[in-house]
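Inspection log for the structure reproduced underneath, given as structure tokens.
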Amino acid sequence: MMPAYGNILDQEQIRNVAHYVKSLSADVDAPERVSAGSQVYAQQCVACHGAEAKGNAALGAPNLSDQIWLYGGEISELVSQITNPQ
């Protein structure tokens, strides 16, 4: 189960990683957030989702690069899922 990163990261870090994840499969008009988010991803998310964000089924970590959004693909929905996963 994914941890609630609202208890681990600040809101700026969460928003940045949401932009980075979104950029893996769609255009995002916030290159500075994508860059900052890639650093957060590398520190916090890569262990489960992998360096290429393809996920790890054995851990229940979905592919983040395929445009399939389990809980919605808008930035606000990604922020919500990262903050407090369903």
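Lettering and numbering for the structure tokens are positional, with chains as A, B, ... in the shown order, residues counted from 1 in each chain, and ligands counted from 1 in the shown order.
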Spatial neighbours of Gly6 (chain A), 7 Å, only C-alpha atoms, chain gap at least 2 places, as a ChimeraX atom specification:
/A:4,8-10,83-84
To one decimal place in Å, what is the distance between CA of Gly73 (chain A) and CA of Ala47 (chain A)?
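CA of Ala47 (chain A) lies 21.9 Å from CA of Gly73 (chain A).
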Residues of chain A classed as alpha helix (DSSP H) by DSSP on the backbone are to be reported as a PyMOL selection string.
chain A and resi 11-23+31-44+46-49+75-83
Any idea what the distance is between CA of Cys45 (chain A) and CA of Ala61 (chain A)?
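Straight-line distance from CA of Cys45 (chain A) to CA of Ala61 (chain A) works out to 9.6 Å.
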Which residues are near Ile82 (chain A)? Cut-off 8 Å, only C-alpha atoms, ignore same chain within fewer than 2 positions. Put them as a list in words.
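Everything that qualifies: Ala4, Tyr5, Gly6, Ile14, Ala18, Leu78, Val79, Ser80, Asn84 and Pro85 of chain A.
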Just to confirm, what's the straight-line distance from CA of Gln11 (chain A) to CA of Gln67 (chain A) in Å (one decimal)?
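Straight-line distance from CA of Gln11 (chain A) to CA of Gln67 (chain A) works out to 23.5 Å.
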From the list A:Val34, A:Leu59, A:Ala42, A:Met2, which residue is nearest Lys22 (chain A) when using only C-alpha atoms?
A:Val34
Given only C-alpha atoms as the basis, pick out the residue of A:Val40, A:Met1, A:Val17, A:Leu24 nearest to Asn63 (chain A).
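Smallest separation from Asn63 (chain A) among the options: A:Leu24.
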So which residues touch Arg33 (chain A) within 8 Å, counting only C-alpha atoms, skipping near sequence neighbours fewer than 5 positions away, as a ChimeraX atom specification?
/A:15-17,19-20
Selection file, C-alpha atoms, as a PDB file, in the first residue's frame:
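Result written to again-v1.pdb:
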ATOM      1  CA  ARG A  15       2.456  19.224  -6.357  1.00  0.00           C
ATOM      2  CA  ASN A  16       5.836  18.964  -8.087  1.00  0.00           C
ATOM      3  CA  VAL A  17       5.834  15.166  -8.121  1.00  0.00           C
ATOM      4  CA  HIS A  19       3.411  17.384 -12.345  1.00  0.00           C
ATOM      5  CA  TYR A  20       6.317  15.023 -12.969  1.00  0.00           C
TER       6      TYR A  20
END
